[in-house]
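The structure file work-v4.pdb is reproduced below (PDB, C-alpha atoms and all ligand atoms).
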```
ATOM      1  CA  MET A   1     -60.149  38.667  30.122
ATOM      2  CA  GLU A   2     -59.972  42.443  30.754
ATOM      3  CA  TYR A   3     -56.771  42.810  28.768
ATOM      4  CA  CYS A   4     -57.998  41.004  25.604
ATOM      5  CA  ASN A   5     -58.750  44.105  23.579
ATOM      6  CA  LEU A   6     -55.540  45.862  24.605
ATOM      7  CA  ILE A   7     -53.472  42.800  23.588
ATOM      8  CA  LYS A   8     -55.333  42.569  20.267
ATOM      9  CA  ILE A   9     -54.614  46.221  19.454
ATOM     10  CA  ILE A  10     -50.950  46.007  20.466
ATOM     11  CA  LYS A  11     -50.544  42.961  18.198
ATOM     12  CA  GLN A  12     -52.035  44.729  15.178
ATOM     13  CA  LYS A  13     -48.490  45.774  14.237
ATOM     14  CA  LYS A  14     -47.212  43.198  11.793
ATOM     15  CA  GLU A  15     -43.806  42.689  13.436
ATOM     16  CA  LEU A  16     -45.518  41.857  16.765
ATOM     17  CA  ASN A  17     -48.406  39.668  15.650
ATOM     18  CA  SER A  18     -46.549  36.393  16.087
ATOM     19  CA  LEU A  19     -45.999  36.905  19.819
ATOM     20  CA  SER A  20     -48.255  34.883  22.083
ATOM     21  CA  ASP A  21     -51.046  36.684  24.000
ATOM     22  CA  GLU A  22     -49.624  35.435  27.306
ATOM     23  CA  PHE A  23     -46.230  36.906  26.537
ATOM     24  CA  VAL A  24     -47.715  40.285  25.536
ATOM     25  CA  LEU A  25     -49.808  40.271  28.723
ATOM     26  CA  GLY A  26     -46.663  39.611  30.776
ATOM     27  CA  ILE A  27     -44.939  42.625  29.169
ATOM     28  CA  ILE A  28     -48.034  44.818  29.752
ATOM     29  CA  LYS A  29     -48.055  43.890  33.439
ATOM     30  CA  ILE A  30     -44.322  44.577  33.849
ATOM     31  CA  TYR A  31     -44.787  47.964  32.147
ATOM     32  CA  LEU A  32     -47.768  48.913  34.315
ATOM     33  CA  LYS A  33     -46.072  47.779  37.508
ATOM     34  CA  ASN A  34     -42.941  49.845  36.768
ATOM     35  CA  GLU A  35     -44.392  52.911  35.058
ATOM     36  CA  MET A  36     -48.114  53.300  35.798
ATOM     37  CA  PRO A  37     -48.963  51.208  38.885
ATOM     38  CA  LYS A  38     -52.250  53.064  39.458
ATOM     39  CA  LEU A  39     -53.611  51.601  36.224
ATOM     40  CA  LEU A  40     -53.330  48.132  37.719
ATOM     41  CA  GLU A  41     -55.800  49.064  40.444
ATOM     42  CA  ASN A  42     -58.448  50.963  38.514
ATOM     43  CA  GLN A  43     -58.948  49.238  35.188
ATOM     44  CA  GLU A  44     -61.679  51.426  33.678
ATOM     45  CA  TRP A  45     -59.206  52.805  31.119
ATOM     46  CA  LEU A  46     -59.162  49.347  29.509
ATOM     47  CA  ASN A  47     -62.710  49.835  28.223
ATOM     48  CA  ASN A  48     -61.969  52.908  26.127
ATOM     49  CA  THR A  49     -59.426  52.638  23.298
ATOM     50  CA  LYS A  50     -59.450  56.450  22.845
ATOM     51  CA  ASN A  51     -58.503  57.097  26.474
ATOM     52  CA  LYS A  52     -55.049  58.745  26.820
ATOM     53  CA  TYR A  53     -53.843  56.027  29.212
ATOM     54  CA  PHE A  54     -54.913  53.314  26.796
ATOM     55  CA  ARG A  55     -53.022  54.993  23.952
ATOM     56  CA  THR A  56     -49.886  55.550  26.069
ATOM     57  CA  VAL A  57     -49.830  51.909  27.154
ATOM     58  CA  VAL A  58     -50.239  50.717  23.534
ATOM     59  CA  LYS A  59     -47.382  52.955  22.362
ATOM     60  CA  ASN A  60     -44.911  52.093  25.115
ATOM     61  CA  VAL A  61     -45.635  48.370  25.324
ATOM     62  CA  ARG A  62     -45.186  48.137  21.538
ATOM     63  CA  LYS A  63     -41.835  49.895  21.937
ATOM     64  CA  ASN A  64     -40.770  47.406  24.641
ATOM     65  CA  LEU A  65     -41.917  44.439  22.558
ATOM     66  CA  ARG A  66     -39.968  45.699  19.556
ATOM     67  CA  GLU A  67     -36.830  45.775  21.715
ATOM     68  CA  VAL A  68     -37.482  42.186  22.812
ATOM     69  CA  HIS A  69     -38.400  40.745  19.433
ATOM     70  CA  GLY A  70     -39.606  42.926  16.532
ATOM     71  CA  ALA A  71     -36.431  44.944  16.104
ATOM     72  CA  PHE A  72     -34.498  41.876  14.971
ATOM     73  CA  LYS A  73     -36.664  41.189  11.934
ATOM     74  CA  LYS A  74     -35.240  42.690   8.782
ATOM     75  CA  LYS A  75     -37.077  43.789   5.663
ATOM     76  CA  GLY A  76     -38.395  40.813   3.727
ATOM     77  CA  TYR A  77     -38.829  38.578   6.814
ATOM     78  CA  ASP A  78     -42.063  37.262   5.284
ATOM     79  CA  LYS A  79     -40.176  35.868   2.318
ATOM     80  CA  LYS A  80     -38.527  33.190   4.420
ATOM     81  CA  TYR A  81     -40.903  30.368   3.351
ATOM     82  CA  LYS A  82     -40.308  31.181  -0.313
ATOM     83  CA  LEU A  83     -36.559  31.181   0.307
ATOM     84  CA  LEU A  84     -36.864  27.871   2.179
ATOM     85  CA  ASP A  85     -38.602  26.351  -0.863
ATOM     86  CA  GLU A  86     -35.664  27.424  -2.979
ATOM     87  CA  ILE A  87     -32.979  25.783  -0.794
ATOM     88  CA  LYS A  88     -31.885  22.633  -2.538
ATOM     89  CA  SER A  89     -29.877  20.814   0.121
ATOM     90  CA  LEU A  90     -28.128  21.216   3.463
ATOM     91  CA  ASN A  91     -24.999  22.039   1.448
ATOM     92  CA  ASP A  92     -26.676  25.011  -0.201
ATOM     93  CA  PHE A  93     -24.835  27.660   1.845
ATOM     94  CA  GLU A  94     -26.026  30.539  -0.284
ATOM     95  CA  GLY A  95     -29.670  29.507   0.110
ATOM     96  CA  HIS A  96     -29.280  29.287   3.889
ATOM     97  CA  ALA A  97     -27.445  32.618   3.997
ATOM     98  CA  LYS A  98     -30.360  34.365   2.283
ATOM     99  CA  ILE A  99     -32.600  33.349   5.199
ATOM    100  CA  LEU A 100     -29.998  34.032   7.904
ATOM    101  CA  LYS A 101     -29.743  37.587   6.538
ATOM    102  CA  LEU A 102     -33.384  38.233   7.488
ATOM    103  CA  HIS A 103     -32.681  38.382  11.255
ATOM    104  CA  THR A 104     -30.247  40.996  12.581
ATOM    105  CA  SER A 105     -28.386  38.588  14.880
ATOM    106  CA  THR A 106     -27.799  35.848  12.302
ATOM    107  CA  ALA A 107     -27.072  38.426   9.586
ATOM    108  CA  GLU A 108     -24.355  40.011  11.748
ATOM    109  CA  ARG A 109     -22.901  36.599  12.570
ATOM    110  CA  LEU A 110     -22.991  35.191   9.057
ATOM    111  CA  LYS A 111     -19.379  35.797   8.082
ATOM    112  CA  ASN A 112     -18.158  34.448  11.435
ATOM    113  CA  TYR A 113     -20.212  31.264  11.751
ATOM    114  CA  ILE A 114     -17.436  28.879  10.669
ATOM    115  CA  GLU A 115     -14.967  30.497  13.083
ATOM    116  CA  ILE A 116     -17.509  30.507  15.943
ATOM    117  CA  TYR A 117     -18.490  26.857  15.572
ATOM    118  CA  GLY A 118     -14.817  25.901  15.165
ATOM    119  CA  LYS A 119     -13.957  27.659  18.444
ATOM    120  CA  ILE A 120     -16.901  26.042  20.221
ATOM    121  CA  LEU A 121     -15.772  22.624  19.055
ATOM    122  CA  GLU A 122     -12.307  23.229  20.547
ATOM    123  CA  LYS A 123     -13.953  23.297  24.002
ATOM    124  CA  VAL A 124     -16.995  21.073  23.559
ATOM    125  CA  TYR A 125     -16.367  17.569  22.349
ATOM    126  CA  LYS A 126     -19.862  16.120  22.152
ATOM    127  CA  VAL A 127     -22.928  17.726  20.578
ATOM    128  CA  GLU A 128     -25.327  14.828  20.275
ATOM    129  CA  SER A 129     -28.098  17.053  21.549
ATOM    130  CA  LEU A 130     -28.379  20.827  21.354
ATOM    131  CA  LEU A 131     -30.828  23.251  22.936
ATOM    132  CA  ASP A 132     -30.939  26.711  21.313
ATOM    133  CA  LEU A 133     -32.691  29.201  23.616
ATOM    134  CA  GLY A 134     -34.192  32.358  22.091
ATOM    135  CA  ALA A 135     -33.159  30.755  18.808
ATOM    136  CA  GLY A 136     -34.458  33.298  16.272
ATOM    137  CA  LEU A 137     -33.295  31.892  12.925
ATOM    138  CA  ASN A 138     -30.041  30.425  14.291
ATOM    139  CA  PRO A 139     -31.016  26.764  13.557
ATOM    140  CA  LEU A 140     -30.623  27.672   9.876
ATOM    141  CA  SER A 141     -26.873  27.863  10.563
ATOM    142  CA  ILE A 142     -26.645  24.041  10.805
ATOM    143  CA  PRO A 143     -24.683  23.815   7.499
ATOM    144  CA  PHE A 144     -21.959  25.999   9.047
ATOM    145  CA  MET A 145     -21.408  23.569  11.954
ATOM    146  CA  ASP A 146     -18.441  21.236  11.573
ATOM    147  CA  PHE A 147     -20.074  18.829  14.024
ATOM    148  CA  LYS A 148     -23.145  16.733  13.523
ATOM    149  CA  VAL A 149     -25.981  17.494  15.912
ATOM    150  CA  GLY A 150     -28.047  14.433  16.832
ATOM    151  CA  THR A 151     -31.151  16.263  18.092
ATOM    152  CA  TYR A 152     -31.692  20.015  17.798
ATOM    153  CA  TYR A 153     -34.198  21.635  20.184
ATOM    154  CA  ALA A 154     -35.054  25.301  19.646
ATOM    155  CA  VAL A 155     -37.045  27.575  21.965
ATOM    156  CA  GLU A 156     -38.562  30.916  20.924
ATOM    157  CA  VAL A 157     -41.237  33.232  22.195
ATOM    158  CA  ALA A 158     -42.261  34.083  18.614
ATOM    159  CA  GLU A 159     -44.746  31.593  17.197
ATOM    160  CA  ASP A 160     -43.899  32.253  13.541
ATOM    161  CA  ASP A 161     -40.195  31.554  14.127
ATOM    162  CA  VAL A 162     -41.093  28.270  15.809
ATOM    163  CA  GLU A 163     -43.327  27.200  12.891
ATOM    164  CA  PHE A 164     -40.629  28.144  10.438
ATOM    165  CA  ILE A 165     -37.854  26.251  12.250
ATOM    166  CA  ASN A 166     -40.079  23.160  12.403
ATOM    167  CA  ALA A 167     -40.765  23.473   8.661
ATOM    168  CA  TYR A 168     -36.998  23.659   8.069
ATOM    169  CA  PHE A 169     -36.319  20.600  10.249
ATOM    170  CA  LYS A 170     -39.036  18.690   8.398
ATOM    171  CA  LYS A 171     -37.825  19.648   4.927
ATOM    172  CA  PHE A 172     -34.326  18.325   5.608
ATOM    173  CA  ASN A 173     -35.261  15.427   7.908
ATOM    174  CA  ILE A 174     -33.341  16.972  10.775
ATOM    175  CA  LYS A 175     -34.116  15.316  14.079
ATOM    176  CA  GLY A 176     -35.290  18.310  16.024
ATOM    177  CA  HIS A 177     -38.180  20.181  17.500
ATOM    178  CA  ALA A 178     -38.883  23.872  18.031
ATOM    179  CA  PHE A 179     -41.358  25.012  20.644
ATOM    180  CA  VAL A 180     -42.891  28.236  21.933
ATOM    181  CA  LYS A 181     -41.876  29.222  25.438
ATOM    182  CA  ASP A 182     -41.397  32.398  27.398
ATOM    183  CA  LEU A 183     -37.989  31.884  28.974
ATOM    184  CA  THR A 184     -38.642  34.256  31.827
ATOM    185  CA  TYR A 185     -40.432  31.207  33.263
ATOM    186  CA  VAL A 186     -38.023  28.307  33.297
ATOM    187  CA  ASP A 187     -39.365  24.769  33.394
ATOM    188  CA  ASN A 188     -39.358  21.480  31.489
ATOM    189  CA  LEU A 189     -36.393  22.089  29.242
ATOM    190  CA  PRO A 190     -34.852  18.981  27.666
ATOM    191  CA  GLU A 191     -31.552  17.617  28.986
ATOM    192  CA  VAL A 192     -28.772  18.138  26.419
ATOM    193  CA  ASP A 193     -25.048  18.128  25.763
ATOM    194  CA  VAL A 194     -24.877  21.791  24.747
ATOM    195  CA  CYS A 195     -27.168  24.765  25.309
ATOM    196  CA  PHE A 196     -26.824  27.919  23.203
ATOM    197  CA  MET A 197     -27.952  31.267  24.606
ATOM    198  CA  PHE A 198     -26.857  33.608  21.845
ATOM    199  CA  LYS A 199     -27.575  37.298  22.465
ATOM    200  CA  LEU A 200     -30.452  36.380  24.726
ATOM    201  CA  LEU A 201     -29.621  37.182  28.333
ATOM    202  CA  ASP A 202     -29.625  40.996  28.134
ATOM    203  CA  THR A 203     -33.141  40.784  26.698
ATOM    204  CA  LEU A 204     -34.342  38.341  29.360
ATOM    205  CA  GLU A 205     -32.876  40.470  32.154
ATOM    206  CA  SER A 206     -34.717  43.518  30.802
ATOM    207  CA  LEU A 207     -37.940  41.517  31.170
ATOM    208  CA  LYS A 208     -37.224  39.943  34.539
ATOM    209  CA  LYS A 209     -34.267  40.894  36.690
ATOM    210  CA  ASP A 210     -32.088  37.984  37.900
ATOM    211  CA  VAL A 211     -33.776  35.447  35.611
ATOM    212  CA  THR A 212     -30.335  34.443  34.253
ATOM    213  CA  LYS A 213     -29.281  32.990  37.597
ATOM    214  CA  GLU A 214     -32.364  30.781  37.657
ATOM    215  CA  LEU A 215     -31.980  29.814  34.009
ATOM    216  CA  ILE A 216     -28.304  28.845  34.379
ATOM    217  CA  SER A 217     -29.005  26.741  37.443
ATOM    218  CA  LYS A 218     -32.011  24.979  35.902
ATOM    219  CA  VAL A 219     -30.747  24.263  32.367
ATOM    220  CA  LYS A 220     -29.576  20.655  32.223
ATOM    221  CA  ALA A 221     -26.613  20.828  29.849
ATOM    222  CA  LYS A 222     -22.997  19.700  29.978
ATOM    223  CA  TRP A 223     -21.875  22.938  28.315
ATOM    224  CA  LEU A 224     -23.439  26.356  27.930
ATOM    225  CA  VAL A 225     -22.430  28.637  25.086
ATOM    226  CA  VAL A 226     -23.553  32.163  25.900
ATOM    227  CA  SER A 227     -22.973  35.265  23.800
ATOM    228  CA  PHE A 228     -23.367  39.012  24.215
ATOM    229  CA  ALA A 229     -23.395  41.759  21.614
ATOM    230  CA  THR A 230     -20.345  44.021  21.673
ATOM    231  CA  LYS A 231     -21.985  46.485  19.281
ATOM    232  CA  SER A 232     -25.478  47.929  19.420
ATOM    233  CA  LEU A 233     -28.167  46.749  17.015
ATOM    234  CA  GLY A 234     -26.982  47.761  13.554
ATOM    235  CA  GLY A 235     -23.373  47.971  14.824
ATOM    236  CA  ARG A 236     -23.266  51.688  15.554
ATOM    237  CA  LYS A 237     -22.299  51.849  19.248
ATOM    238  CA  VAL A 238     -19.574  49.817  20.943
ATOM    239  CA  ILE A 239     -20.756  47.972  24.056
ATOM    240  CA  SER A 240     -17.976  47.360  26.569
ATOM    241  CA  LYS A 241     -17.197  43.747  27.502
ATOM    242  CA  LYS A 242     -17.120  44.966  31.123
ATOM    243  CA  ARG A 243     -20.885  44.973  30.863
ATOM    244  CA  THR A 244     -20.774  41.183  31.192
ATOM    245  CA  SER A 245     -19.255  41.312  34.695
ATOM    246  CA  TRP A 246     -22.694  40.545  36.210
ATOM    247  CA  PHE A 247     -22.740  37.336  34.150
ATOM    248  CA  LYS A 248     -19.185  36.380  35.200
ATOM    249  CA  LYS A 249     -20.332  36.531  38.829
ATOM    250  CA  ILE A 250     -23.123  34.062  38.070
ATOM    251  CA  ILE A 251     -20.796  31.531  36.411
ATOM    252  CA  LYS A 252     -17.845  31.943  38.780
ATOM    253  CA  ALA A 253     -18.354  28.477  40.261
ATOM    254  CA  TYR A 254     -17.870  26.863  36.833
ATOM    255  CA  GLU A 255     -14.891  26.460  34.518
ATOM    256  CA  TYR A 256     -15.234  28.669  31.475
ATOM    257  CA  ASP A 257     -13.407  30.104  28.463
ATOM    258  CA  THR A 258     -14.169  33.156  26.367
ATOM    259  CA  PHE A 259     -13.550  34.224  22.787
ATOM    260  CA  GLU A 260     -14.584  37.129  20.628
ATOM    261  CA  VAL A 261     -15.564  37.684  17.008
ATOM    262  CA  ASP A 262     -16.495  40.975  15.302
ATOM    263  CA  ASN A 263     -19.663  41.986  17.147
ATOM    264  CA  GLU A 264     -20.011  39.240  19.696
ATOM    265  CA  TYR A 265     -18.365  38.007  22.913
ATOM    266  CA  PHE A 266     -18.744  34.299  23.771
ATOM    267  CA  PHE A 267     -18.542  32.272  26.968
ATOM    268  CA  VAL A 268     -18.190  28.482  26.833
ATOM    269  CA  VAL A 269     -19.129  27.213  30.288
ATOM    270  CA  ARG A 270     -18.543  23.663  31.542
ATOM    271  CA  LYS A 271     -21.667  23.030  33.559
ATOM    272  CA  ASP A 272     -22.037  19.241  33.716
ATOM    273  CA  LEU A 273     -25.859  19.224  34.073
TER     274      LEU A 273
HETATM  275  C1  LIG A 301     -31.133  39.117  19.843
HETATM  276  S1  LIG A 301     -32.235  37.867  19.330
HETATM  277  C2  LIG A 301     -31.085  36.511  19.201
HETATM  278  C3  LIG A 301     -31.560  35.379  18.338
HETATM  279  C4  LIG A 301     -30.600  34.198  18.237
HETATM  280  N1  LIG A 301     -30.293  33.644  19.535
HETATM  281  C5  LIG A 301     -29.316  34.622  17.578
HETATM  282  O1  LIG A 301     -28.430  35.096  18.275
HETATM  283  O2  LIG A 301     -29.222  34.504  16.358
HETATM  284  C6  LIG A 301     -33.117  37.451  20.793
HETATM  285  C7  LIG A 301     -34.191  36.424  20.541
HETATM  286  O3  LIG A 301     -34.748  36.059  21.799
HETATM  287  C8  LIG A 301     -36.148  35.911  21.665
HETATM  288  N2  LIG A 301     -36.743  36.170  22.976
HETATM  289  C9  LIG A 301     -36.881  37.374  23.594
HETATM  290  N3  LIG A 301     -37.495  37.237  24.769
HETATM  291  C10 LIG A 301     -37.755  35.917  24.918
HETATM  292  C11 LIG A 301     -38.387  35.159  25.945
HETATM  293  N4  LIG A 301     -38.873  35.744  27.019
HETATM  294  N5  LIG A 301     -38.506  33.826  25.771
HETATM  295  C12 LIG A 301     -38.020  33.225  24.659
HETATM  296  N6  LIG A 301     -37.401  33.888  23.645
HETATM  297  C13 LIG A 301     -37.271  35.225  23.779
HETATM  298  C14 LIG A 301     -36.543  36.961  20.621
HETATM  299  O4  LIG A 301     -37.754  36.642  19.996
HETATM  300  C15 LIG A 301     -35.342  36.944  19.677
HETATM  301  O5  LIG A 301     -35.528  36.082  18.578
END
```
Could you write out this file's structure as structure tokens?
Ligand SMILES: C[S@@+](CC[C@H](N)C(=O)[O-])C[C@H]1O[C@@H](n2cnc3c(N)ncnc32)[C@H](O)[C@@H]1O
Amino acid sequence: MEYCNLIKIIKQKKELNSLSDEFVLGIIKIYLKNEMPKLLENQEWLNNTKNKYFRTVVKNVRKNLREVHGAFKKKGYDKKYKLLDEIKSLNDFEGHAKILKLHTSTAERLKNYIEIYGKILEKVYKVESLLDLGAGLNPLSIPFMDFKVGTYYAVEVAEDDVEFINAYFKKFNIKGHAFVKDLTYVDNLPEVDVCFMFKLLDTLESLKKDVTKELISKVKAKWLVVSFATKSLGGRKVISKKRTSWFKKIIKAYEYDTFEVDNEYFFVVRKDL
């Protein structure tokens, strides 16, 4: 494959090395199509790593990939297996919190988990099966749920997150399965009671415009719980809730409720498969 070497070099950065080659290739192609379409036609630049085009593509695709995935990993992300070993039981909240603090999204949500799951349960009365899309480390918040999940499916583009979630499920005998998938291509998702899409859709839209519409129509779930950040990564800038008006248009045919916690705005949508 012509792009093999380019992908290998892009993935040399530690925070990006768990992304699948196919996913990185997809991001390279989107970047080239939008920013440097001529490089798609004449591919000689791919044979010379010192070439200025090669170096520009490496730099900018890495930047885009960090926005999609790498930026969420906090310092010490590699310690998660050690921390998992130290968790004694599903009631060990402190042990779970140490891991949840390693990913920006779960770290920011940590103090609100009980409130969030309580609010979700006011609208959703059955969570026998749950599908968590773009899960990150969110499955580690199971102890904060005041409902018992029968089967927990988690989908992530990052292979190391998927391995880790499966190790967690195994350690505590949780009926669940995590799998690697690029959600810009929607197919074969399990049918469930509830589907979480926490802080995912802005990222997916940046990869493929209008993918949300397809995703919402294809996900087979009775309820969707979708969230958006109301503060930028790290909490510095306020992001207006009006920015979700594009999403409201997509779900206008369904009944839905909203609620808000510190940095996050939630939609609970009654979809009925
Ligand atoms: C902002 S984080 C949110 C993580 C988690 N949902 C939470 O809120 O705690 C977005 C997650 O989506 C994942 N992601 C990004 N693009 C994806 C794609 N195309 N397919 C599947 N997952 C993706 C990233 O790896 C990242 O873990």
Counting all atoms listed in the file, the residue among A:Ser240, A:Asn51, A:Ser20, A:Ser245 that lies closest to ligand LIG 301 (chain A) is A:Ser20
Taking the file as shown, find all residues satisfying the PyMOL selection byres (((not hetatm)) within 8 of (chain A and resi 301)) and write them as an mmCIF file with C-alpha atoms, in the frame of the given file.
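result19.cif was written with the following content:
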```
data_model
loop_
_atom_site.group_PDB
_atom_site.id
_atom_site.type_symbol
_atom_site.label_atom_id
_atom_site.label_comp_id
_atom_site.auth_asym_id
_atom_site.auth_seq_id
_atom_site.Cartn_x
_atom_site.Cartn_y
_atom_site.Cartn_z
ATOM 1 C CA PHE A 23 -46.230 36.906 26.537
ATOM 2 C CA VAL A 68 -37.482 42.186 22.812
ATOM 3 C CA HIS A 69 -38.400 40.745 19.433
ATOM 4 C CA GLY A 70 -39.606 42.926 16.532
ATOM 5 C CA PHE A 72 -34.498 41.876 14.971
ATOM 6 C CA HIS A 103 -32.681 38.382 11.255
ATOM 7 C CA THR A 104 -30.247 40.996 12.581
ATOM 8 C CA SER A 105 -28.386 38.588 14.880
ATOM 9 C CA THR A 106 -27.799 35.848 12.302
ATOM 10 C CA ARG A 109 -22.901 36.599 12.570
ATOM 11 C CA ASP A 132 -30.939 26.711 21.313
ATOM 12 C CA LEU A 133 -32.691 29.201 23.616
ATOM 13 C CA GLY A 134 -34.192 32.358 22.091
ATOM 14 C CA ALA A 135 -33.159 30.755 18.808
ATOM 15 C CA GLY A 136 -34.458 33.298 16.272
ATOM 16 C CA LEU A 137 -33.295 31.892 12.925
ATOM 17 C CA ASN A 138 -30.041 30.425 14.291
ATOM 18 C CA VAL A 155 -37.045 27.575 21.965
ATOM 19 C CA GLU A 156 -38.562 30.916 20.924
ATOM 20 C CA VAL A 157 -41.237 33.232 22.195
ATOM 21 C CA ALA A 158 -42.261 34.083 18.614
ATOM 22 C CA ASP A 161 -40.195 31.554 14.127
ATOM 23 C CA VAL A 180 -42.891 28.236 21.933
ATOM 24 C CA LYS A 181 -41.876 29.222 25.438
ATOM 25 C CA ASP A 182 -41.397 32.398 27.398
ATOM 26 C CA LEU A 183 -37.989 31.884 28.974
ATOM 27 C CA THR A 184 -38.642 34.256 31.827
ATOM 28 C CA TYR A 185 -40.432 31.207 33.263
ATOM 29 C CA PHE A 196 -26.824 27.919 23.203
ATOM 30 C CA MET A 197 -27.952 31.267 24.606
ATOM 31 C CA PHE A 198 -26.857 33.608 21.845
ATOM 32 C CA LYS A 199 -27.575 37.298 22.465
ATOM 33 C CA LEU A 200 -30.452 36.380 24.726
ATOM 34 C CA THR A 203 -33.141 40.784 26.698
ATOM 35 C CA LEU A 204 -34.342 38.341 29.360
ATOM 36 C CA LEU A 207 -37.940 41.517 31.170
ATOM 37 C CA SER A 227 -22.973 35.265 23.800
#
```
Carefully work through the PyMOL selection byres (((chain A and resi 171-173) around 12) and not hetatm) for this structure and note down the residues it includes, as a PyMOL selection string.
chain A and resi 81+84-92+140+142-143+150-152+164-170+174-177
Hey, can you spit out that residue selection with C-alpha atoms as an mmCIF file, keeping the file's coordinate frame?
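Saved to result_4.cif:
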```
data_model
loop_
_atom_site.group_PDB
_atom_site.id
_atom_site.type_symbol
_atom_site.label_atom_id
_atom_site.label_comp_id
_atom_site.auth_asym_id
_atom_site.auth_seq_id
_atom_site.Cartn_x
_atom_site.Cartn_y
_atom_site.Cartn_z
ATOM 1 C CA TYR A 81 -40.903 30.368 3.351
ATOM 2 C CA LEU A 84 -36.864 27.871 2.179
ATOM 3 C CA ASP A 85 -38.602 26.351 -0.863
ATOM 4 C CA GLU A 86 -35.664 27.424 -2.979
ATOM 5 C CA ILE A 87 -32.979 25.783 -0.794
ATOM 6 C CA LYS A 88 -31.885 22.633 -2.538
ATOM 7 C CA SER A 89 -29.877 20.814 0.121
ATOM 8 C CA LEU A 90 -28.128 21.216 3.463
ATOM 9 C CA ASN A 91 -24.999 22.039 1.448
ATOM 10 C CA ASP A 92 -26.676 25.011 -0.201
ATOM 11 C CA LEU A 140 -30.623 27.672 9.876
ATOM 12 C CA ILE A 142 -26.645 24.041 10.805
ATOM 13 C CA PRO A 143 -24.683 23.815 7.499
ATOM 14 C CA GLY A 150 -28.047 14.433 16.832
ATOM 15 C CA THR A 151 -31.151 16.263 18.092
ATOM 16 C CA TYR A 152 -31.692 20.015 17.798
ATOM 17 C CA PHE A 164 -40.629 28.144 10.438
ATOM 18 C CA ILE A 165 -37.854 26.251 12.250
ATOM 19 C CA ASN A 166 -40.079 23.160 12.403
ATOM 20 C CA ALA A 167 -40.765 23.473 8.661
ATOM 21 C CA TYR A 168 -36.998 23.659 8.069
ATOM 22 C CA PHE A 169 -36.319 20.600 10.249
ATOM 23 C CA LYS A 170 -39.036 18.690 8.398
ATOM 24 C CA ILE A 174 -33.341 16.972 10.775
ATOM 25 C CA LYS A 175 -34.116 15.316 14.079
ATOM 26 C CA GLY A 176 -35.290 18.310 16.024
ATOM 27 C CA HIS A 177 -38.180 20.181 17.500
#
```
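Here CA of Tyr265 in chain A and CA of Ala229 in chain A stand 6.4 Å from one another.
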Answer as a list of chain:residue names, residues within 12 Å of (-54.9, 41.5, 17.6) using all atoms listed in the file:
A:Tyr3, A:Cys4, A:Asn5, A:Leu6, A:Ile7, A:Lys8, A:Ile9, A:Ile10, A:Lys11, A:Gln12, A:Lys13, A:Lys14, A:Glu15, A:Leu16, A:Asn17, A:Ser18, A:Leu19, A:Ser20, A:Asp21, A:Val24, A:Val58
What's around range 269-272 of chain A at 12 Å? Count all atoms listed in the file, leave out sequence neighbours fewer than 3 positions away in its own chain, and write the answer as a PyMOL selection string.
chain A and resi 120+123-125+191-197+216-227+247-248+250-259+266
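From CA of Tyr153 in chain A back to CA of Ala178 in chain A, the distance works out to 5.6 Å.
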Show me, as an mmCIF file with C-alpha atoms, in the frame of the given file, the residues that have an atom within 12 Å of range 35-38 of chain A when counting only C-alpha atoms, minus same-chain residues fewer than 3 positions from it.
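What ended up in around-v5.cif:
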```cif
data_model
loop_
_atom_site.group_PDB
_atom_site.id
_atom_site.type_symbol
_atom_site.label_atom_id
_atom_site.label_comp_id
_atom_site.auth_asym_id
_atom_site.auth_seq_id
_atom_site.Cartn_x
_atom_site.Cartn_y
_atom_site.Cartn_z
ATOM 1 C CA ILE A 27 -44.939 42.625 29.169
ATOM 2 C CA ILE A 28 -48.034 44.818 29.752
ATOM 3 C CA LYS A 29 -48.055 43.890 33.439
ATOM 4 C CA ILE A 30 -44.322 44.577 33.849
ATOM 5 C CA TYR A 31 -44.787 47.964 32.147
ATOM 6 C CA LEU A 32 -47.768 48.913 34.315
ATOM 7 C CA GLU A 41 -55.800 49.064 40.444
ATOM 8 C CA ASN A 42 -58.448 50.963 38.514
ATOM 9 C CA GLN A 43 -58.948 49.238 35.188
ATOM 10 C CA GLU A 44 -61.679 51.426 33.678
ATOM 11 C CA TRP A 45 -59.206 52.805 31.119
ATOM 12 C CA TYR A 53 -53.843 56.027 29.212
ATOM 13 C CA PHE A 54 -54.913 53.314 26.796
ATOM 14 C CA THR A 56 -49.886 55.550 26.069
ATOM 15 C CA VAL A 57 -49.830 51.909 27.154
ATOM 16 C CA ASN A 60 -44.911 52.093 25.115
ATOM 17 C CA VAL A 61 -45.635 48.370 25.324
#
```
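Atom to atom, CA of Tyr117 in chain A and CA of Met145 in chain A stand 5.7 Å apart.
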Selected residue, from A:Ala154, A:Leu25, A:Val261, A:Leu39, that lies nearest to Ile114 in chain A when counting all atoms listed in the file:
A:Val261
Have a look at A:Thr230, A:Phe93, A:Leu130, A:Lys213 and name the one nearest to Leu189 in chain A; count all atoms listed in the file.
A:Leu130
Near Gly76 in chain A, counting all atoms listed in the file, which residues have an atom at most 10 Å away, once you skip same-chain residues fewer than 6 positions from it, shown as a ChimeraX atom specification?
/A:99,101-103
Could the centre and edge lengths of an axis-aligned box, enclosing all atoms of range 5-22 of chain A in the file with 5 Å extra on each side, be given in Å to one decimal as JSON?
```
{"center_x": -51.3, "center_y": 40.6, "center_z": 19.5, "size_x": 24.9, "size_y": 21.3, "size_z": 25.5}
```
